[in-house]
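Visitor: Dropping in entry-v2.txt, which is compact mmCIF, C-alpha atoms and all ligand atoms:
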# COMPACT_ATOMS: atom_id res chain seq x y z
CA MET I 1 125.63 -48.29 186.16
CA ALA I 2 129.46 -47.95 186.18
CA TYR I 3 131.35 -51.25 186.11
CA ARG I 4 131.93 -53.16 189.31
CA ALA I 5 132.20 -56.86 189.96
CA LEU I 6 128.86 -57.98 191.43
CA THR I 7 128.41 -59.88 194.67
CA GLU I 8 125.90 -62.77 194.82
CA GLN I 9 123.34 -60.41 196.41
CA GLU I 10 123.92 -57.64 193.85
CA ALA I 11 123.43 -60.17 191.05
CA VAL I 12 120.01 -61.00 192.54
CA GLU I 13 119.03 -57.33 192.71
CA TYR I 14 120.21 -56.87 189.13
CA VAL I 15 118.02 -59.62 187.66
CA ARG I 16 115.08 -58.65 189.86
CA ASN I 17 115.00 -55.30 188.08
CA LEU I 18 114.95 -56.82 184.59
CA PRO I 19 111.53 -57.10 182.91
CA ASN I 20 109.88 -60.49 182.25
CA LEU I 21 112.26 -62.70 184.20
CA PHE I 22 111.01 -63.15 187.77
CA ALA I 23 107.73 -62.37 189.53
CA THR I 24 107.81 -59.30 191.80
CA GLY I 25 108.78 -60.33 195.34
CA ALA I 26 110.11 -63.75 194.28
CA THR I 27 112.60 -65.31 196.74
CA LEU I 28 115.78 -65.56 194.71
CA ALA I 29 118.80 -67.64 195.74
CA SER I 30 122.17 -66.75 194.21
CA HIS I 31 125.41 -68.75 194.04
CA GLU I 32 128.61 -67.91 192.23
CA ILE I 33 129.45 -71.16 190.41
CA GLY I 34 132.22 -70.08 188.01
CA ASP I 35 134.87 -72.76 187.58
CA GLY I 36 136.44 -71.45 184.36
CA ASN I 37 139.67 -69.52 184.04
CA LEU I 38 138.25 -66.09 183.42
CA ASN I 39 134.82 -64.95 184.65
CA LEU I 40 132.18 -64.80 187.37
CA VAL I 41 129.09 -66.98 186.83
CA PHE I 42 126.04 -66.57 189.09
CA HIS I 43 123.26 -69.13 189.25
CA ILE I 44 120.04 -67.41 190.34
CA ARG I 45 116.90 -69.38 191.14
CA ASP I 46 113.37 -68.55 192.22
CA GLU I 47 113.04 -70.91 195.18
CA GLU I 48 109.26 -71.25 194.89
CA GLY I 49 108.62 -70.92 191.16
CA GLY I 50 111.72 -72.95 190.18
CA LYS I 51 112.69 -70.61 187.32
CA SER I 52 116.42 -69.91 187.08
CA VAL I 53 118.92 -67.88 185.03
CA ILE I 54 122.67 -67.53 184.68
CA VAL I 55 124.43 -64.18 185.02
CA LYS I 56 127.92 -64.27 183.56
CA GLN I 57 130.13 -61.26 184.28
CA ALA I 58 133.62 -60.56 182.96
CA LEU I 59 136.22 -59.46 185.47
CA PRO I 60 138.78 -56.84 184.41
CA TYR I 61 141.45 -59.52 184.80
CA ALA I 62 141.92 -63.27 184.25
CA ARG I 63 140.36 -64.99 187.26
CA VAL I 64 142.83 -67.90 187.20
CA VAL I 65 145.83 -65.61 187.73
CA GLY I 66 144.34 -62.53 189.42
CA GLU I 67 144.63 -58.76 189.03
CA SER I 68 148.22 -59.02 187.81
CA TRP I 69 146.79 -60.25 184.45
CA PRO I 70 144.48 -57.43 183.25
CA LEU I 71 142.02 -58.47 180.56
CA THR I 72 139.57 -56.51 178.43
CA LEU I 73 135.90 -56.37 179.48
CA ASP I 74 135.04 -56.25 175.77
CA ARG I 75 135.16 -60.06 175.87
CA ALA I 76 131.66 -59.94 177.40
CA ARG I 77 130.38 -58.15 174.28
CA ILE I 78 132.17 -60.62 172.00
CA GLU I 79 130.63 -63.53 173.91
CA ALA I 80 127.09 -62.09 173.97
CA GLU I 81 127.17 -61.17 170.27
CA ALA I 82 128.65 -64.54 169.25
CA LEU I 83 125.98 -66.36 171.29
CA GLN I 84 123.27 -64.32 169.56
CA ILE I 85 124.64 -65.06 166.08
CA GLN I 86 125.00 -68.76 166.88
CA TYR I 87 121.49 -68.81 168.37
CA LYS I 88 120.07 -67.47 165.10
CA LEU I 89 121.84 -70.22 163.16
CA VAL I 90 121.34 -73.19 165.51
CA PRO I 91 118.92 -72.16 168.31
CA GLU I 92 118.67 -75.66 169.75
CA LEU I 93 122.45 -75.86 170.33
CA VAL I 94 123.16 -72.58 172.17
CA PRO I 95 121.79 -70.95 175.37
CA HIS I 96 119.27 -68.17 174.84
CA VAL I 97 120.61 -64.72 175.79
CA TYR I 98 117.95 -62.77 177.73
CA HIS I 99 119.93 -59.58 178.33
CA TYR I 100 123.38 -58.02 177.78
CA ASP I 101 124.77 -55.05 179.74
CA ALA I 102 127.83 -53.42 178.16
CA GLU I 103 128.65 -51.23 181.20
CA LEU I 104 128.68 -54.13 183.63
CA ALA I 105 130.14 -56.53 181.04
CA LEU I 106 127.49 -59.10 181.89
CA THR I 107 125.11 -61.41 180.09
CA VAL I 108 121.94 -62.94 181.49
CA MET I 109 121.24 -66.25 179.78
CA GLU I 110 119.36 -69.53 179.87
CA ASP I 111 120.30 -71.82 182.75
CA LEU I 112 121.57 -75.15 181.44
CA SER I 113 122.05 -76.82 184.81
CA ASP I 114 119.92 -79.77 183.69
CA HIS I 115 122.90 -80.61 181.42
CA ILE I 116 126.38 -81.71 182.45
CA ILE I 117 129.67 -80.18 181.31
CA MET I 118 130.90 -82.69 178.74
CA ARG I 119 134.40 -82.92 180.22
CA LYS I 120 132.83 -84.14 183.49
CA GLY I 121 130.61 -86.54 181.56
CA LEU I 122 133.61 -88.02 179.73
CA ILE I 123 135.57 -88.35 182.97
CA ALA I 124 132.56 -90.30 184.34
CA LYS I 125 132.76 -92.40 181.14
CA ASN I 126 129.27 -91.50 180.02
CA ARG I 127 128.38 -91.86 176.34
CA TYR I 128 126.48 -89.25 174.34
CA PRO I 129 124.95 -90.91 171.27
CA LEU I 130 123.75 -87.65 169.67
CA PHE I 131 126.78 -85.51 170.45
CA ALA I 132 128.57 -86.01 167.10
CA LYS I 133 125.42 -85.20 165.15
CA HIS I 134 124.77 -82.09 167.22
CA ILE I 135 128.30 -80.71 167.27
CA GLY I 136 128.70 -81.52 163.57
CA ARG I 137 125.62 -79.40 162.93
CA PHE I 138 126.87 -76.59 165.20
CA LEU I 139 130.21 -76.52 163.37
CA ALA I 140 128.77 -76.82 159.87
CA HIS I 141 126.14 -74.10 160.30
CA THR I 142 128.12 -71.56 162.35
CA LEU I 143 131.21 -71.90 160.16
CA PHE I 144 129.46 -72.09 156.78
CA TYR I 145 127.08 -69.16 157.25
CA THR I 146 129.83 -66.83 158.52
CA SER I 147 132.37 -67.81 155.85
CA ASP I 148 133.06 -66.19 152.48
CA ILE I 149 131.22 -69.11 150.89
CA GLY I 150 127.98 -68.77 152.86
CA ALA I 151 127.78 -65.08 153.86
CA HIS I 152 127.17 -61.99 151.74
CA PRO I 153 130.60 -60.38 151.16
CA TYR I 154 129.63 -57.13 152.94
CA GLU I 155 128.14 -58.99 155.89
CA LYS I 156 131.26 -61.12 156.21
CA LYS I 157 133.58 -58.10 156.27
CA ALA I 158 131.37 -56.33 158.82
CA LEU I 159 131.51 -59.41 161.06
CA VAL I 160 135.30 -59.59 160.78
CA GLY I 161 135.31 -55.99 162.09
CA SER I 162 133.00 -56.71 165.04
CA PHE I 163 134.99 -59.72 166.11
CA ILE I 164 138.49 -58.28 166.23
CA ASN I 165 139.38 -59.82 169.57
CA PRO I 166 143.08 -58.99 170.04
CA GLU I 167 143.53 -59.69 173.75
CA LEU I 168 141.80 -63.06 173.77
CA CYS I 169 143.53 -64.06 170.52
CA LYS I 170 146.86 -63.11 172.14
CA ILE I 171 146.11 -65.57 174.96
CA THR I 172 145.65 -68.33 172.38
CA GLU I 173 148.70 -67.22 170.40
CA ASP I 174 150.81 -67.47 173.56
CA LEU I 175 149.25 -70.39 175.42
CA VAL I 176 148.45 -72.67 172.45
CA PHE I 177 151.08 -71.77 169.88
CA THR I 178 154.16 -70.38 171.65
CA ASP I 179 154.80 -70.91 175.36
CA PRO I 180 154.46 -74.73 175.52
CA TYR I 181 157.26 -75.13 172.96
CA GLU I 182 159.88 -73.19 174.92
CA ASP I 183 160.89 -72.85 178.54
CA ALA I 184 158.24 -70.20 179.28
CA SER I 185 157.32 -69.03 182.79
CA THR I 186 153.62 -69.74 182.13
CA ASN I 187 154.23 -73.46 181.62
CA ASN I 188 152.96 -75.81 184.29
CA PHE I 189 153.68 -79.50 183.79
CA ASN I 190 154.27 -82.67 185.77
CA PRO I 191 158.01 -82.74 186.63
CA LEU I 192 158.08 -86.45 185.73
CA ILE I 193 157.59 -85.64 182.05
CA ARG I 194 160.35 -83.00 181.84
CA PRO I 195 162.50 -85.17 179.47
CA GLU I 196 159.60 -85.52 176.99
CA VAL I 197 158.81 -81.79 177.27
CA GLU I 198 162.45 -80.86 176.68
CA ASP I 199 162.47 -83.13 173.61
CA ILE I 200 159.60 -81.04 172.26
CA TRP I 201 161.46 -77.80 173.01
CA HIS I 202 164.37 -79.11 170.91
CA ASN I 203 162.32 -80.68 168.09
CA ALA I 204 162.99 -78.29 165.20
CA PRO I 205 160.77 -80.00 162.55
CA LEU I 206 157.85 -80.05 165.03
CA LYS I 207 158.31 -76.38 165.93
CA ARG I 208 158.41 -75.49 162.24
CA GLU I 209 155.00 -77.15 161.70
CA ILE I 210 153.57 -75.43 164.80
CA ALA I 211 154.85 -72.09 163.45
CA LYS I 212 152.90 -72.72 160.22
CA LEU I 213 149.75 -73.58 162.16
CA LYS I 214 150.16 -70.44 164.30
CA TYR I 215 150.58 -68.36 161.16
CA GLY I 216 147.28 -69.74 159.88
CA PHE I 217 145.62 -68.78 163.17
CA LEU I 218 147.08 -65.28 162.89
CA THR I 219 146.19 -64.58 159.28
CA ARG I 220 143.32 -66.66 157.89
CA ALA I 221 140.00 -64.91 158.53
CA GLU I 222 137.86 -67.73 157.12
CA ALA I 223 134.84 -67.90 159.43
CA LEU I 224 133.53 -66.70 162.79
CA LEU I 225 134.99 -69.26 165.17
CA HIS I 226 133.82 -70.15 168.65
CA GLY I 227 137.53 -69.90 169.42
CA ASP I 228 137.76 -72.19 172.47
CA LEU I 229 135.55 -75.19 171.73
CA HIS I 230 136.83 -77.59 174.36
CA THR I 231 134.67 -80.09 176.27
CA GLY I 232 134.46 -77.66 179.22
CA SER I 233 132.53 -75.31 176.90
CA ILE I 234 129.96 -77.92 175.89
CA PHE I 235 126.95 -78.94 177.97
CA VAL I 236 125.41 -82.33 177.19
CA THR I 237 122.70 -84.81 178.06
CA GLU I 238 121.93 -88.03 176.19
CA THR I 239 119.59 -86.08 173.94
CA SER I 240 120.82 -82.49 173.95
CA THR I 241 124.02 -80.51 173.30
CA LYS I 242 124.57 -76.80 174.10
CA VAL I 243 127.69 -74.83 173.32
CA ILE I 244 128.65 -72.03 175.76
CA ASP I 245 131.48 -69.57 176.38
CA PRO I 246 132.44 -68.13 172.95
CA GLU I 247 134.43 -65.20 174.41
CA PHE I 248 137.44 -66.20 172.26
CA ALA I 249 135.32 -65.78 169.10
CA TYR I 250 137.15 -64.20 166.14
CA TYR I 251 137.58 -64.72 162.41
CA GLY I 252 140.04 -67.56 161.92
CA PRO I 253 140.62 -70.88 160.16
CA LEU I 254 137.64 -73.28 160.34
CA GLY I 255 139.83 -76.19 161.34
CA PHE I 256 140.65 -74.53 164.66
CA ASP I 257 137.17 -75.16 166.16
CA ILE I 258 136.96 -78.70 164.78
CA GLY I 259 140.47 -79.43 166.05
CA ALA I 260 139.49 -78.26 169.54
CA VAL I 261 136.74 -80.89 169.66
CA PHE I 262 139.09 -83.62 168.39
CA ALA I 263 141.81 -82.61 170.87
CA ASN I 264 139.58 -82.75 173.91
CA LEU I 265 138.16 -86.15 172.97
CA LEU I 266 141.72 -87.39 172.50
CA LEU I 267 142.93 -85.86 175.78
CA ASN I 268 140.26 -87.95 177.48
CA TYR I 269 141.44 -90.93 175.39
CA ALA I 270 144.97 -90.48 176.80
CA ALA I 271 143.63 -89.93 180.31
CA GLN I 272 141.83 -93.30 180.20
CA HIS I 273 145.23 -94.74 181.11
CA GLY I 274 144.48 -93.54 184.64
CA LEU I 275 140.70 -93.12 184.58
CA ALA I 276 139.60 -96.59 183.46
CA LYS I 277 139.16 -99.28 186.10
CA ASN I 278 140.56 -102.09 183.94
CA ASP I 279 141.85 -102.90 180.43
CA GLU I 280 138.45 -103.83 179.08
CA GLU I 281 136.83 -100.61 180.23
CA ARG I 282 139.75 -98.57 178.89
CA GLU I 283 139.68 -100.18 175.44
CA SER I 284 135.93 -99.98 175.15
CA TYR I 285 135.79 -96.29 176.11
CA ARG I 286 138.74 -95.44 173.90
CA ALA I 287 137.00 -97.09 170.96
CA TYR I 288 133.93 -94.94 171.69
CA LEU I 289 136.08 -91.77 171.74
CA LEU I 290 137.80 -92.58 168.42
CA GLU I 291 134.46 -93.40 166.85
CA THR I 292 133.17 -90.05 168.11
CA VAL I 293 136.10 -88.20 166.52
CA GLU I 294 135.30 -89.89 163.20
CA ASP I 295 131.57 -89.21 163.56
CA VAL I 296 132.13 -85.53 164.41
CA TRP I 297 134.07 -85.14 161.18
CA SER I 298 131.58 -87.07 159.03
CA GLU I 299 128.61 -85.16 160.49
CA PHE I 300 130.38 -81.85 159.98
CA VAL I 301 131.47 -82.60 156.46
CA SER I 302 128.17 -83.98 155.22
CA GLN I 303 126.21 -81.01 156.60
CA PHE I 304 128.81 -78.44 155.49
CA VAL I 305 128.96 -79.81 151.93
CA GLN I 306 125.18 -79.93 151.74
CA LEU I 307 125.03 -76.24 152.73
CA TRP I 308 127.78 -75.51 150.21
CA HIS I 309 125.80 -77.07 147.34
CA LYS I 310 122.47 -75.50 148.30
CA GLN I 311 123.33 -72.16 149.93
CA ALA I 312 126.70 -70.95 148.64
CA LYS I 313 126.69 -67.20 147.88
CA GLU I 314 130.22 -67.16 146.47
CA ARG I 315 130.12 -68.05 142.75
CA SER I 316 133.53 -69.74 142.74
CA ALA I 317 132.09 -72.29 145.17
CA HIS I 318 130.75 -74.15 142.14
CA VAL I 319 134.08 -74.42 140.34
CA GLU I 320 134.76 -78.11 139.80
CA GLY I 321 136.87 -79.72 142.50
CA PHE I 322 136.98 -76.65 144.77
CA TRP I 323 134.82 -77.97 147.59
CA GLN I 324 136.83 -81.18 147.77
CA ASP I 325 140.11 -79.24 148.08
CA TYR I 326 138.57 -76.90 150.66
CA VAL I 327 137.27 -79.73 152.84
CA LYS I 328 140.58 -81.59 152.69
CA ASN I 329 142.40 -78.46 153.92
CA VAL I 330 139.91 -78.03 156.75
CA LEU I 331 140.48 -81.63 157.89
CA GLN I 332 144.27 -81.32 157.78
CA ASP I 333 144.11 -78.00 159.67
CA ALA I 334 141.79 -79.56 162.25
CA VAL I 335 144.24 -82.41 162.81
CA GLY I 336 147.17 -80.00 163.22
CA TYR I 337 145.27 -77.69 165.57
CA ALA I 338 144.13 -80.69 167.57
CA GLY I 339 147.77 -81.63 168.06
CA CYS I 340 148.70 -78.13 169.32
CA LYS I 341 145.73 -78.13 171.67
CA MET I 342 146.75 -81.48 173.12
CA LEU I 343 150.32 -80.35 173.74
CA ARG I 344 149.25 -77.06 175.36
CA ARG I 345 146.95 -78.82 177.84
CA VAL I 346 149.82 -81.04 179.03
CA ILE I 347 152.68 -78.51 179.07
CA GLY I 348 151.09 -75.08 179.31
CA LEU I 349 149.30 -72.88 181.82
CA ALA I 350 145.78 -74.31 181.72
CA GLY I 351 145.53 -78.07 182.11
CA VAL I 352 142.47 -80.29 181.83
CA ALA I 353 140.62 -82.17 184.56
CA ASP I 354 140.68 -85.38 182.49
CA LEU I 355 144.43 -85.65 183.21
CA ASN I 356 144.60 -83.65 186.43
CA THR I 357 142.12 -85.87 188.27
CA ILE I 358 144.54 -88.81 187.97
CA GLU I 359 145.96 -88.83 191.50
CA SER I 360 149.19 -90.78 191.08
CA ASP I 361 151.93 -88.60 189.57
CA GLU I 362 153.42 -91.67 187.84
CA VAL I 363 150.17 -92.87 186.30
CA ARG I 364 149.31 -89.31 185.24
CA ALA I 365 152.75 -88.96 183.67
CA GLU I 366 152.10 -92.08 181.53
CA ALA I 367 148.81 -90.61 180.31
CA GLU I 368 150.50 -87.27 179.63
CA ARG I 369 153.30 -88.93 177.65
CA LEU I 370 150.66 -90.58 175.48
CA ALA I 371 148.87 -87.23 174.96
CA LEU I 372 152.19 -85.62 173.97
CA ALA I 373 152.99 -88.44 171.54
CA ILE I 374 149.54 -88.29 169.91
CA GLY I 375 149.66 -84.48 169.71
CA GLN I 376 153.04 -84.51 167.99
CA ALA I 377 152.00 -87.24 165.54
CA LEU I 378 148.87 -85.29 164.60
CA ILE I 379 150.92 -82.16 163.88
CA LEU I 380 153.64 -83.92 161.91
CA GLU I 381 151.39 -86.28 159.94
CA ARG I 382 148.45 -83.97 159.26
CA THR I 383 149.25 -83.42 155.59
CA GLN I 384 148.81 -87.15 154.92
CA VAL I 385 145.32 -87.19 156.43
CA ALA I 386 142.59 -87.59 153.81
CA GLU I 387 139.72 -88.91 155.93
CA ALA I 388 138.83 -89.20 159.59
CA THR I 389 139.81 -92.86 159.76
CA ASP I 390 143.38 -91.65 159.21
CA ILE I 391 143.17 -89.93 162.62
CA THR I 392 142.25 -93.25 164.22
CA ALA I 393 145.18 -94.86 162.41
CA ILE I 394 147.60 -92.18 163.72
CA VAL I 395 146.32 -92.64 167.28
CA ASN I 396 146.51 -96.44 167.12
CA LYS I 397 149.99 -96.36 165.63
CA THR I 398 151.15 -93.92 168.33
CA VAL I 399 149.72 -96.06 171.14
CA GLY I 400 151.59 -99.02 169.66
CA LEU I 401 154.87 -97.08 169.54
CA VAL I 402 154.51 -95.70 173.08
CA HIS I 403 153.85 -99.17 174.49
CA SER I 404 156.42 -101.11 172.44
N1 LIG T 1 124.32 -71.16 180.73
C1 LIG T 1 124.81 -71.84 181.78
N2 LIG T 1 124.01 -72.66 182.49
C2 LIG T 1 124.47 -73.33 183.58
N3 LIG T 1 125.73 -73.24 184.03
C3 LIG T 1 126.59 -72.44 183.35
C4 LIG T 1 126.18 -71.70 182.20
N4 LIG T 1 127.24 -71.01 181.75
C5 LIG T 1 128.26 -71.31 182.56
N5 LIG T 1 127.88 -72.17 183.52
C6 LIG T 1 128.72 -72.75 184.60
O1 LIG T 1 129.80 -71.89 184.87
C7 LIG T 1 131.04 -72.55 184.57
C8 LIG T 1 132.01 -71.56 183.95
O2 LIG T 1 131.42 -71.03 182.77
P1 LIG T 1 132.30 -70.61 181.53
O3 LIG T 1 131.42 -69.93 180.55
O4 LIG T 1 133.06 -71.78 181.03
O5 LIG T 1 133.29 -69.56 182.22
P2 LIG T 1 134.73 -69.04 181.82
O6 LIG T 1 134.51 -68.09 180.68
O7 LIG T 1 135.25 -68.38 183.04
O8 LIG T 1 135.52 -70.25 181.38
C9 LIG T 1 130.68 -73.69 183.65
O9 LIG T 1 131.62 -74.74 183.76
C10 LIG T 1 129.32 -74.08 184.16
O10 LIG T 1 129.45 -74.90 185.31
C1 LIG T 2 144.32 -67.49 181.17
S1 LIG T 2 143.12 -68.19 180.20
C2 LIG T 2 143.62 -69.86 179.99
C3 LIG T 2 142.68 -70.63 179.17
O1 LIG T 2 141.38 -70.55 179.74
C4 LIG T 2 140.41 -70.47 178.71
O2 LIG T 2 139.46 -71.46 178.90
P1 LIG T 2 138.12 -71.29 179.78
O3 LIG T 2 137.76 -69.83 179.79
O4 LIG T 2 137.12 -72.11 179.06
O5 LIG T 2 138.44 -71.82 181.11
C5 LIG T 2 141.15 -70.66 177.40
O6 LIG T 2 141.21 -72.00 177.00
C6 LIG T 2 142.51 -70.12 177.74
O7 LIG T 2 143.53 -70.56 176.86
Show the structure stored in the file as structure tokens.
Guide:
Amino acid sequence: MAYRALTEQEAVEYVRNLPNLFATGATLASHEIGDGNLNLVFHIRDEEGGKSVIVKQALPYARVVGESWPLTLDRARIEAEALQIQYKLVPELVPHVYHYDAELALTVMEDLSDHIIMRKGLIAKNRYPLFAKHIGRFLAHTLFYTSDIGAHPYEKKALVGSFINPELCKITEDLVFTDPYEDASTNNFNPLIRPEVEDIWHNAPLKREIAKLKYGFLTRAEALLHGDLHTGSIFVTETSTKVIDPEFAYYGPLGFDIGAVFANLLLNYAAQHGLAKNDEERESYRAYLLETVEDVWSEFVSQFVQLWHKQAKERSAHVEGFWQDYVKNVLQDAVGYAGCKMLRRVIGLAGVADLNTIESDEVRAEAERLALAIGQALILERTQVAEATDITAIVNKTVGLVHS
């Protein structure tokens, strides 16, 4: 069937014709529930039997802007293939793909509506005791087994070829690494923080460090990344974690995915200025978020190093001292990328609900100033970071400076 964007009814007819999903004649209800920046997402449910699926379809443009921003449909293939690779590595942490249709650029997958999008959960100040363990495992396994250390050299090169994702990478290159640091037309920030934003535009040492981080993103094909691992791409419950939406997947530096997780926890940390009901609640939730950042790193590193010792295919992996140097670089990259991702969410095109749900412009501006200060400190101080507690120290020091 030639490409066209489906209506809710057409999505029902589409899944009805797929084998082994719904009983013949089932009454299927369909709702378009997409709230992301790019695609259509249909939730389709058998009203009697209760079974449900998700149909995600790429539009030939970026939904958030409209037809004036054309965007490749190949992102649906990238997403479906990345989900399938991740599912093989960590099946409990990724939705099951039932069907992929290249012509229609759509994927039919497991419905995760019994989970909550983590960003919403953090805004509600929920705590997820197993999240760090789960996401540490997701990161360690997906990054290790697709890297030059854990994959066969031919397999790795073939994967690099399949995941050339130029248009989606260009979005990241522009929106994460370029536009926020100059007076770009895509920027969209609270007018009250213009002085702080202009300081960033004129901060030459900061821009030099961001240029280095961007160059790493452009050139270092280290592992198959999720590519956009923010808390809006993670579904959670108290006992389960599922990672969705890897349409930005490509071969890049490992620290980029880990940094995305750090950044989004720390954006919520900054937003607690306006989200928490009182000082006690704010401090307690912030402590939880910092502890989670540390736990994500320690879970990742312990699982990654274990895989390295037991499963490495690359012989140089066993050269004395190499794994320690490698892991230190990943942490410092993650800290730098976290900083860029914090700055882009405050200054650039696509903001985050954690900050945007703060109603008062003045209170939101205070939270945004803190996010900008933390982001800059992470970028500038990343090369001194040797363990995750150093991230906590940078955040605490920055909070002290902002409030002194
Ligand atoms: N597998 C799924 N199960 C349940 N809901 C989903 C699923 N995938 C996506 N959604 C819903 O659709 C929304 C947008 O999905 P997402 O993949 O983030 O789209 P986009 O690529 O446009 O950002 C999510 O926030 C979530 O509410
Ligand atoms: C014009 S795309 C902006 C922004 O949206 C993507 O996120 P998502 O698809 O999860 O909403 C990605 O972060 C892009 O940078």
Visitor: Counting all atoms listed in the file, which of I:Gly252, I:Glu13, I:Asn268, I:His96 gets nearest to Arg286 of chain I?
Guide: I:Asn268
Visitor: Using only C-alpha atoms and all ligand atoms, which protein or nucleic acid residues are at most 9 Å from ligand LIG 1 (chain T), as an MDAnalysis selection string?
Guide: chainID I and resid 32:43 53:58 62:64 94:97 108:117 232:235 242:247
Visitor: With distances taken over all atoms listed in the file, which of I:Leu349, I:Thr357, I:Gln306, I:Glu281 is nearest to Lys125 of chain I?
Guide: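 Of the candidates, the smallest distance to Lys125 of chain I is held by I:Glu281.
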Visitor: When distances are computed from only C-alpha atoms, which of I:Gln86, I:Ser185, I:Gln324, I:Gln272 shows the smallest separation from Leu122 of chain I?
Guide: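 Using only C-alpha atoms, the shortest distance to Leu122 of chain I belongs to I:Gln272.
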Visitor: Which residue, I:Phe144, I:Phe300, I:Phe177, I:Tyr250, has the smallest gap to ligand LIG 2 (chain T) when you use all atoms listed in the file?
Guide: I:Phe177
Visitor: Of the candidates I:Lys341, I:Leu266, I:Tyr100, I:Val352, which shows the shortest atom-to-atom distance to Leu18 of chain I, using only C-alpha atoms?
Guide: I:Tyr100
Visitor: For the atom pair atom CA of Phe189 of chain I and atom CA of Ile347 of chain I, what is the interatomic distance in Å to one decimal place?
Guide: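 So the two atoms, atom CA of Phe189 of chain I and atom CA of Ile347 of chain I, lie 4.9 Å apart.
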Visitor: With a distance cut-off of 9 Å and all atoms listed in the file, select the neighbouring residues of Ala29 of chain I, excluding the residue or stretch itself and same-chain residues fewer than 3 positions from it, and output the selection as number ranges by chain.
Guide: I: 8-9, 12, 43-47
Visitor: Using only C-alpha atoms, please write the residues we just selected to a file, as a PDB file, in the coordinates of the input.
Guide:
ATOM      1  CA  GLU I   8     125.900 -62.770 194.820  1.00  0.00           C
ATOM      2  CA  GLN I   9     123.340 -60.410 196.410  1.00  0.00           C
ATOM      3  CA  VAL I  12     120.010 -61.000 192.540  1.00  0.00           C
ATOM      4  CA  HIS I  43     123.260 -69.130 189.250  1.00  0.00           C
ATOM      5  CA  ILE I  44     120.040 -67.410 190.340  1.00  0.00           C
ATOM      6  CA  ARG I  45     116.900 -69.380 191.140  1.00  0.00           C
ATOM      7  CA  ASP I  46     113.370 -68.550 192.220  1.00  0.00           C
ATOM      8  CA  GLU I  47     113.040 -70.910 195.180  1.00  0.00           C
TER       9      GLU I  47
END
Visitor: Please provide the set of residues having any atom within 10 Å of Ser162 of chain I, restricted to all atoms listed in the file, with same-chain residues fewer than 3 positions apart removed, written as a PDB file with C-alpha atoms, keeping the file's coordinate frame.
Guide:
ATOM      1  CA  ARG I  77     130.380 -58.150 174.280  1.00  0.00           C
ATOM      2  CA  ILE I  78     132.170 -60.620 172.000  1.00  0.00           C
ATOM      3  CA  GLU I  81     127.170 -61.170 170.270  1.00  0.00           C
ATOM      4  CA  ALA I  82     128.650 -64.540 169.250  1.00  0.00           C
ATOM      5  CA  LYS I 157     133.580 -58.100 156.270  1.00  0.00           C
ATOM      6  CA  ALA I 158     131.370 -56.330 158.820  1.00  0.00           C
ATOM      7  CA  LEU I 159     131.510 -59.410 161.060  1.00  0.00           C
ATOM      8  CA  ASN I 165     139.380 -59.820 169.570  1.00  0.00           C
ATOM      9  CA  TYR I 250     137.150 -64.200 166.140  1.00  0.00           C
ATOM     10  CA  TYR I 251     137.580 -64.720 162.410  1.00  0.00           C
TER      11      TYR I 251
END
Visitor: I'd like the interatomic distance between atom CA of Ala76 of chain I and atom CA of Ala350 of chain I, to a tenth of an Å.
Guide: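 Separating atom CA of Ala76 of chain I from atom CA of Ala350 of chain I is a distance of 20.6 Å.
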Visitor: Could you check how far atom CA of Ala338 of chain I sits from atom CA of Ala249 of chain I, in Å to one decimal?
Guide: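 Atom CA of Ala338 of chain I sits 17.4 Å away from atom CA of Ala249 of chain I.
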Visitor: Measuring between all atoms listed in the file, which one of I:Leu71, I:Leu89, I:Ala353, I:Cys169 shows the shortest distance to Gly121 of chain I?
Guide: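 Of the candidates, the smallest distance to Gly121 of chain I is held by I:Ala353.
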Visitor: Where's the centre, and what are the edge lengths in Å to one decimal, of a box along x, y and z enclosing all listed atoms of ligand LIG 2 (chain T) padded 3 Å per side, as AutoDock Vina command-line options?
Guide:
--center_x 140.7 --center_y -69.8 --center_z 179.0 --size_x 13.2 --size_y 10.6 --size_z 10.3
Visitor: Could you name the residues that touch segment 329-333 of chain I at 10 Å or less, counting all atoms listed in the file, but leaving out those on the same chain fewer than 2 positions away, as a PyMOL selection string?
Guide: chain I and resi 213+216-217+253-259+297+301+323-327+335-339+378-379+381-388+391
Visitor: For Gln376 of chain I, work out the shell of residues within 10 Å, counting all atoms listed in the file and skipping chain neighbours fewer than 3 positions away, then give it as a list in words.
Guide: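 Contacts, with the query itself left out: Ile200, Leu206, Lys207, Glu209, Ile210, Gly336, Ala338, Gly339, Cys340, Met342, Leu343, Leu370, Ala371, Leu372, Ala373, Ile379, Leu380, Glu381, Arg382 and Thr398 of chain I.
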Visitor: Can you tell me which residues surround Asp199 of chain I at a distance of at most 10 Å, considering all atoms listed in the file, apart from same-chain residues fewer than 5 positions away, and format the answer as number ranges by chain?
Guide: I: 181, 194, 204
